[in-house]
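Q: File follows, run-v1.tsv with TSV, C-alpha atoms:
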```
chain	number	residue	atom	x	y	z
A	17	GLY	CA	-235.06	78.71	21.47
A	18	GLU	CA	-237.56	79.85	24.05
A	19	ASN	CA	-239.98	77.35	25.58
A	20	VAL	CA	-243.10	78.54	27.40
A	21	GLU	CA	-245.20	76.26	29.57
A	22	GLN	CA	-248.67	77.43	30.62
A	23	HIS	CA	-250.88	75.93	33.35
A	24	PRO	CA	-253.62	75.02	33.82
A	25	SER	CA	-255.07	74.25	30.41
A	26	THR	CA	-258.60	74.66	31.80
A	27	LEU	CA	-259.73	76.67	34.82
A	28	SER	CA	-263.28	76.73	36.13
A	29	VAL	CA	-264.28	79.23	38.84
A	30	GLN	CA	-267.39	80.72	40.38
A	31	GLU	CA	-268.25	84.32	39.70
A	32	GLY	CA	-266.49	86.53	42.23
A	33	ASP	CA	-263.63	84.12	42.83
A	34	SER	CA	-260.03	84.82	41.84
A	35	ALA	CA	-258.25	83.06	38.98
A	36	VAL	CA	-254.52	82.53	38.56
A	37	ILE	CA	-252.76	81.33	35.42
A	38	LYS	CA	-249.04	80.53	35.51
A	39	CYS	CA	-246.38	80.45	32.82
A	40	THR	CA	-242.76	79.39	32.97
A	41	TYR	CA	-240.11	80.20	30.39
A	42	SER	CA	-236.68	78.84	29.62
A	43	ASP	CA	-234.62	81.67	28.08
A	44	SER	CA	-233.11	83.95	30.73
A	45	ALA	CA	-232.71	86.64	28.05
A	46	SER	CA	-236.49	87.01	27.72
A	47	ASN	CA	-237.63	90.43	28.87
A	48	TYR	CA	-241.12	91.04	27.50
A	49	PHE	CA	-244.13	89.10	28.79
A	50	PRO	CA	-247.59	89.91	27.35
A	51	TRP	CA	-250.92	88.30	28.17
A	52	TYR	CA	-253.65	88.02	25.53
A	53	LYS	CA	-257.34	87.22	25.89
A	54	GLN	CA	-259.19	85.50	23.06
A	55	GLU	CA	-262.97	85.45	23.06
A	56	LEU	CA	-264.88	83.00	20.92
A	57	GLY	CA	-264.73	83.89	17.23
A	58	LYS	CA	-262.30	86.75	17.72
A	59	GLY	CA	-258.58	87.35	17.51
A	60	PRO	CA	-256.49	87.65	20.70
A	61	GLN	CA	-256.40	91.01	22.43
A	62	LEU	CA	-253.65	92.29	24.71
A	63	ILE	CA	-254.90	92.72	28.27
A	64	ILE	CA	-251.68	93.40	30.15
A	65	ASP	CA	-247.94	93.10	29.67
A	66	ILE	CA	-244.83	93.38	31.81
A	67	ARG	CA	-241.18	93.98	31.11
A	68	SER	CA	-238.31	92.51	33.05
A	69	ASN	CA	-237.45	95.71	34.87
A	70	VAL	CA	-240.58	95.46	37.07
A	71	GLY	CA	-241.92	92.69	39.25
A	72	GLU	CA	-245.63	93.46	39.22
A	73	LYS	CA	-248.16	95.44	37.21
A	74	LYS	CA	-251.86	96.04	37.91
A	75	ASP	CA	-254.77	97.24	35.84
A	76	GLN	CA	-258.05	97.24	37.75
A	77	ARG	CA	-258.97	93.58	38.37
A	78	ILE	CA	-256.00	92.20	36.45
A	79	ALA	CA	-252.41	91.89	37.66
A	80	VAL	CA	-249.28	90.22	36.39
A	81	THR	CA	-246.32	89.19	38.53
A	82	LEU	CA	-242.86	88.27	37.29
A	83	ASN	CA	-240.17	86.28	39.03
A	84	LYS	CA	-237.06	86.45	36.85
A	85	THR	CA	-234.99	84.29	39.16
A	86	ALA	CA	-237.45	81.42	38.94
A	87	LYS	CA	-238.35	82.28	35.32
A	88	HIS	CA	-242.09	82.35	35.81
A	89	PHE	CA	-244.86	84.90	35.54
A	90	SER	CA	-248.53	84.76	36.46
A	91	LEU	CA	-251.82	86.41	35.54
A	92	HIS	CA	-254.17	87.19	38.44
A	93	ILE	CA	-257.82	88.07	37.86
A	94	THR	CA	-259.82	89.11	40.92
A	95	GLU	CA	-263.60	89.27	41.32
A	96	THR	CA	-264.13	87.25	38.16
A	97	GLN	CA	-267.18	87.92	36.00
A	98	PRO	CA	-268.85	85.79	33.32
A	99	GLU	CA	-267.41	88.10	30.64
A	100	ASP	CA	-263.91	87.05	31.76
A	101	SER	CA	-264.64	83.62	30.23
A	102	ALA	CA	-262.19	83.23	27.34
A	103	VAL	CA	-258.90	81.62	26.36
A	104	TYR	CA	-255.83	83.36	27.81
A	105	PHE	CA	-252.35	83.15	26.28
A	106	CYS	CA	-249.04	84.14	27.79
A	107	ALA	CA	-245.93	84.83	25.73
A	108	ALA	CA	-242.24	85.43	26.32
A	109	GLY	CA	-239.17	86.37	24.33
A	110	PRO	CA	-235.99	88.41	24.27
A	111	GLY	CA	-236.40	92.05	23.33
A	112	GLY	CA	-235.16	93.93	20.33
A	113	GLY	CA	-236.14	94.29	16.71
A	114	SER	CA	-235.89	90.59	16.01
A	115	TYR	CA	-238.07	89.63	18.96
A	116	ILE	CA	-240.09	86.55	18.15
A	117	PRO	CA	-242.65	85.84	20.87
A	118	THR	CA	-243.17	82.27	21.99
A	119	PHE	CA	-246.74	81.71	23.14
A	120	GLY	CA	-248.02	79.30	25.74
A	121	ARG	CA	-250.64	76.76	24.76
A	122	GLY	CA	-253.49	78.71	26.31
A	123	THR	CA	-255.82	78.44	29.31
A	124	SER	CA	-259.56	78.18	28.88
A	125	LEU	CA	-261.13	80.14	31.76
A	126	ILE	CA	-264.78	79.44	32.53
A	127	VAL	CA	-266.56	81.68	35.02
A	128	HIS	CA	-269.84	80.24	36.27
A	129	PRO	CA	-272.55	82.76	37.23
B	27	VAL	CA	-257.05	94.54	11.23
B	28	THR	CA	-259.09	92.70	8.64
B	29	GLN	CA	-258.51	89.38	6.94
B	30	ASN	CA	-259.88	88.01	3.68
B	31	PRO	CA	-261.30	85.53	3.28
B	32	ARG	CA	-262.59	84.52	6.71
B	33	TYR	CA	-263.26	80.96	5.63
B	34	LEU	CA	-261.56	78.98	2.88
B	35	ILE	CA	-261.94	75.41	1.71
B	36	THR	CA	-259.56	74.06	-0.89
B	37	VAL	CA	-257.97	70.83	-2.10
B	38	THR	CA	-254.40	69.58	-1.83
B	39	GLY	CA	-251.99	71.06	-4.32
B	40	LYS	CA	-253.89	74.29	-4.91
B	41	LYS	CA	-252.23	77.68	-4.52
B	42	LEU	CA	-254.01	80.11	-2.26
B	43	THR	CA	-253.53	83.55	-0.80
B	44	VAL	CA	-254.92	85.04	2.40
B	45	THR	CA	-254.76	88.81	2.71
B	46	CYS	CA	-254.45	90.99	5.80
B	47	SER	CA	-255.02	94.74	5.89
B	48	GLN	CA	-254.53	97.36	8.60
B	49	ASN	CA	-255.24	101.07	8.62
B	50	MET	CA	-253.26	102.04	11.74
B	51	ASN	CA	-250.01	102.87	9.91
B	52	HIS	CA	-248.26	100.06	11.74
B	53	GLU	CA	-244.76	99.11	10.65
B	54	TYR	CA	-244.84	95.47	11.68
B	55	MET	CA	-247.24	92.80	10.45
B	56	SER	CA	-247.19	89.10	11.28
B	57	TRP	CA	-248.85	85.82	10.40
B	58	TYR	CA	-249.55	83.21	13.06
B	59	ARG	CA	-251.01	79.76	12.95
B	60	GLN	CA	-253.33	78.65	15.76
B	61	ASP	CA	-254.01	74.98	16.46
B	62	PRO	CA	-255.88	73.57	19.47
B	63	GLY	CA	-253.52	72.81	22.31
B	64	LEU	CA	-250.54	74.35	20.53
B	65	GLY	CA	-251.12	78.06	21.10
B	66	LEU	CA	-250.02	80.58	18.51
B	67	ARG	CA	-246.97	79.95	16.37
B	68	LEU	CA	-245.31	82.64	14.29
B	69	ILE	CA	-244.97	81.91	10.57
B	70	TYR	CA	-243.47	85.15	9.22
B	71	PHE	CA	-243.28	88.79	10.15
B	72	SER	CA	-242.49	91.91	8.15
B	73	TYR	CA	-241.23	95.40	8.75
B	74	ASP	CA	-242.71	97.82	6.22
B	75	VAL	CA	-242.21	96.59	2.65
B	76	LYS	CA	-238.47	96.30	3.06
B	77	MET	CA	-238.00	93.32	5.29
B	78	LYS	CA	-239.57	89.98	6.05
B	79	GLU	CA	-238.29	87.41	8.47
B	80	LYS	CA	-239.08	83.79	9.16
B	81	GLY	CA	-240.74	82.85	12.37
B	82	ASP	CA	-240.84	79.45	14.03
B	83	ILE	CA	-242.75	77.54	11.32
B	84	PRO	CA	-242.13	79.08	7.86
B	85	GLU	CA	-241.95	75.80	5.93
B	86	GLY	CA	-244.63	75.54	3.25
B	87	TYR	CA	-245.51	79.24	3.43
B	88	SER	CA	-244.37	82.44	1.81
B	89	VAL	CA	-245.44	86.05	2.32
B	90	SER	CA	-245.73	89.29	0.42
B	91	ARG	CA	-245.86	92.81	1.83
B	92	GLU	CA	-247.29	94.61	-1.17
B	93	LYS	CA	-247.57	97.88	0.69
B	94	LYS	CA	-247.40	99.01	4.27
B	95	GLU	CA	-251.08	98.36	4.87
B	96	ARG	CA	-251.27	94.89	3.37
B	97	PHE	CA	-249.53	91.60	4.17
B	98	SER	CA	-250.42	88.38	2.36
B	99	LEU	CA	-249.83	84.76	3.31
B	100	ILE	CA	-249.28	82.42	0.37
B	101	LEU	CA	-249.54	78.65	0.29
B	102	GLU	CA	-247.96	77.59	-3.00
B	103	SER	CA	-249.25	74.03	-2.79
B	104	ALA	CA	-251.73	73.46	0.02
B	105	SER	CA	-251.49	70.28	2.05
B	106	THR	CA	-253.88	68.72	4.55
B	107	ASN	CA	-251.52	69.46	7.45
B	108	GLN	CA	-252.01	73.16	6.76
B	109	THR	CA	-255.63	72.94	7.81
B	110	SER	CA	-255.75	75.46	10.64
B	111	MET	CA	-256.76	78.91	11.86
B	112	TYR	CA	-254.53	81.69	10.59
B	113	LEU	CA	-254.22	84.97	12.44
B	114	CYS	CA	-252.72	88.19	11.19
B	115	ALA	CA	-251.43	90.88	13.54
B	116	SER	CA	-249.94	94.32	13.30
B	117	SER	CA	-247.89	96.36	15.75
B	118	LEU	CA	-246.64	99.91	15.75
B	119	ILE	CA	-242.95	99.45	16.50
B	120	ASP	CA	-241.95	95.82	16.83
B	121	LEU	CA	-243.31	92.63	18.33
B	122	THR	CA	-242.39	93.76	21.85
B	123	TYR	CA	-245.31	96.16	21.68
B	124	GLU	CA	-249.02	95.46	21.56
B	125	GLN	CA	-250.04	93.34	18.61
B	126	TYR	CA	-253.49	93.93	17.15
B	127	PHE	CA	-254.94	90.70	15.81
B	128	GLY	CA	-257.42	90.14	13.03
B	129	PRO	CA	-260.43	87.84	13.48
B	130	GLY	CA	-258.73	84.90	11.80
B	131	THR	CA	-259.08	82.85	8.62
B	132	ARG	CA	-260.26	79.27	8.96
B	133	LEU	CA	-258.58	77.15	6.27
B	134	THR	CA	-259.61	73.60	5.44
B	135	VAL	CA	-257.55	71.57	2.96
B	136	THR	CA	-259.14	68.32	1.78
```
Could you write out this structure as structure tokens?
A:
Amino acid sequence: GENVEQHPSTLSVQEGDSAVIKCTYSDSASNYFPWYKQELGKGPQLIIDIRSNVGEKKDQRIAVTLNKTAKHFSLHITETQPEDSAVYFCAAGPGGGSYIPTFGRGTSLIVHP
Amino acid sequence: VTQNPRYLITVTGKKLTVTCSQNMNHEYMSWYRQDPGLGLRLIYFSYDVKMKEKGDIPEGYSVSREKKERFSLILESASTNQTSMYLCASSLIDLTYEQYFGPGTRLTVT
């Protein structure tokens, strides 16, 4: 099955800095890569996703890049703000109706004011 | 997506049910388990009331999709290693589209 490694497990930055979280996956058939943000006491919420037919996707301060050859994808957050503090999860898996996402172990992002 | 109850304390061997409801007319609903340092692991997912499929860790769990809006997780005989946070999610088409998660149910088995 799919195996997803996520690094780092904890990331501490100053407000205004950039943050990068990286995930690697093992199954070359994987073609859907979502990123979820989980705030304290809440369920995860999708913040951005990418499919294998594109290499990069941006949404305001958030971007995701995908390197299918190397089997890794990354979340980039620019101009971090204290409200970006949360746990972030990546996921990967092959597409189709029987898609079962495999999640990374999560990264706790702390943005210091 | 709502979950009931939000907190549950029980003893080993008891049967319990956690219920998830959604009002977005989503076809797919899923149950995940979340443990510190392990991320989210899929237990079961369901398409409408017709189909349910095992995820990565179905052992010790069963599910029931009573109607399109409601998906229940059942522990027939709770064990201490099932102490965890349980998250329900729904998605419009399949799991390759955005999943909307509930707030979670914290289960403690003593």
Q: Counting all atoms listed in the file, collect the residues of chain B whose closest atom lies at most 9 Å from chain A, and write them out as a CSV table (one decimal) with C-alpha atoms, keeping the file's coordinate frame.
A:
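Saved the output as iface-v5.csv:
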```csv
chain,number,residue,atom,x,y,z
B,62,PRO,CA,-255.9,73.6,19.5
B,63,GLY,CA,-253.5,72.8,22.3
B,64,LEU,CA,-250.5,74.4,20.5
B,65,GLY,CA,-251.1,78.1,21.1
B,66,LEU,CA,-250.0,80.6,18.5
B,67,ARG,CA,-247.0,80.0,16.4
B,68,LEU,CA,-245.3,82.6,14.3
B,71,PHE,CA,-243.3,88.8,10.2
B,79,GLU,CA,-238.3,87.4,8.5
B,81,GLY,CA,-240.7,82.8,12.4
B,82,ASP,CA,-240.8,79.4,14.0
B,113,LEU,CA,-254.2,85.0,12.4
B,114,CYS,CA,-252.7,88.2,11.2
B,115,ALA,CA,-251.4,90.9,13.5
B,119,ILE,CA,-243.0,99.4,16.5
B,120,ASP,CA,-242.0,95.8,16.8
B,121,LEU,CA,-243.3,92.6,18.3
B,122,THR,CA,-242.4,93.8,21.8
B,123,TYR,CA,-245.3,96.2,21.7
B,124,GLU,CA,-249.0,95.5,21.6
B,125,GLN,CA,-250.0,93.3,18.6
B,126,TYR,CA,-253.5,93.9,17.2
B,127,PHE,CA,-254.9,90.7,15.8
B,128,GLY,CA,-257.4,90.1,13.0
B,129,PRO,CA,-260.4,87.8,13.5
B,130,GLY,CA,-258.7,84.9,11.8
```
Q: With 6 Å of padding per side, what axis-aligned box (centre and edge lengths, Å, one decimal) covers all the listed atoms of segment 74-80 of chain B? Give it as lines of an AutoDock Vina configuration file.
A:
```
center_x = -240.4
center_y = 90.8
center_z = 5.9
size_x = 16.7
size_y = 26.0
size_z = 18.5
```
Q: Find the residues around Leu118 of chain B up to 7 Å (all atoms listed in the file counted), leave out those fewer than 2 positions away in its own chain, and share them as a list in words.
A: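 So, after excluding close chain neighbours, the residues are His52, Glu53, Tyr54, Ser116 and Asp120 of chain B.
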Q: Measuring atom to atom with all atoms listed in the file, identify which of B:Val44, B:Val75, B:Met50, B:Leu101 is nearest to Pro31 of chain B.
A: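 Among the listed residues, the smallest separation from Pro31 of chain B belongs to B:Val44.
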Q: Between B:Val27, B:Ser56, B:Cys46, B:Lys41, which has the minimum distance to Lys80 of chain B (counting all atoms listed in the file)?
A: B:Ser56
Q: Which of these, A:His128, A:Val36, A:Glu99, A:Glu31, has the shortest distance to Glu55 of chain A once you count only C-alpha atoms?
A: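 Looking at the shortest contact to Glu55 of chain A, the residue is A:Glu99.
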Q: Using only C-alpha atoms for the distances, tell me which of B:Thr109, B:Thr28, B:Asp74, B:Val135 is nearest to Gln48 of chain B.
A: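 Closest residue, counting only C-alpha atoms: B:Thr28.
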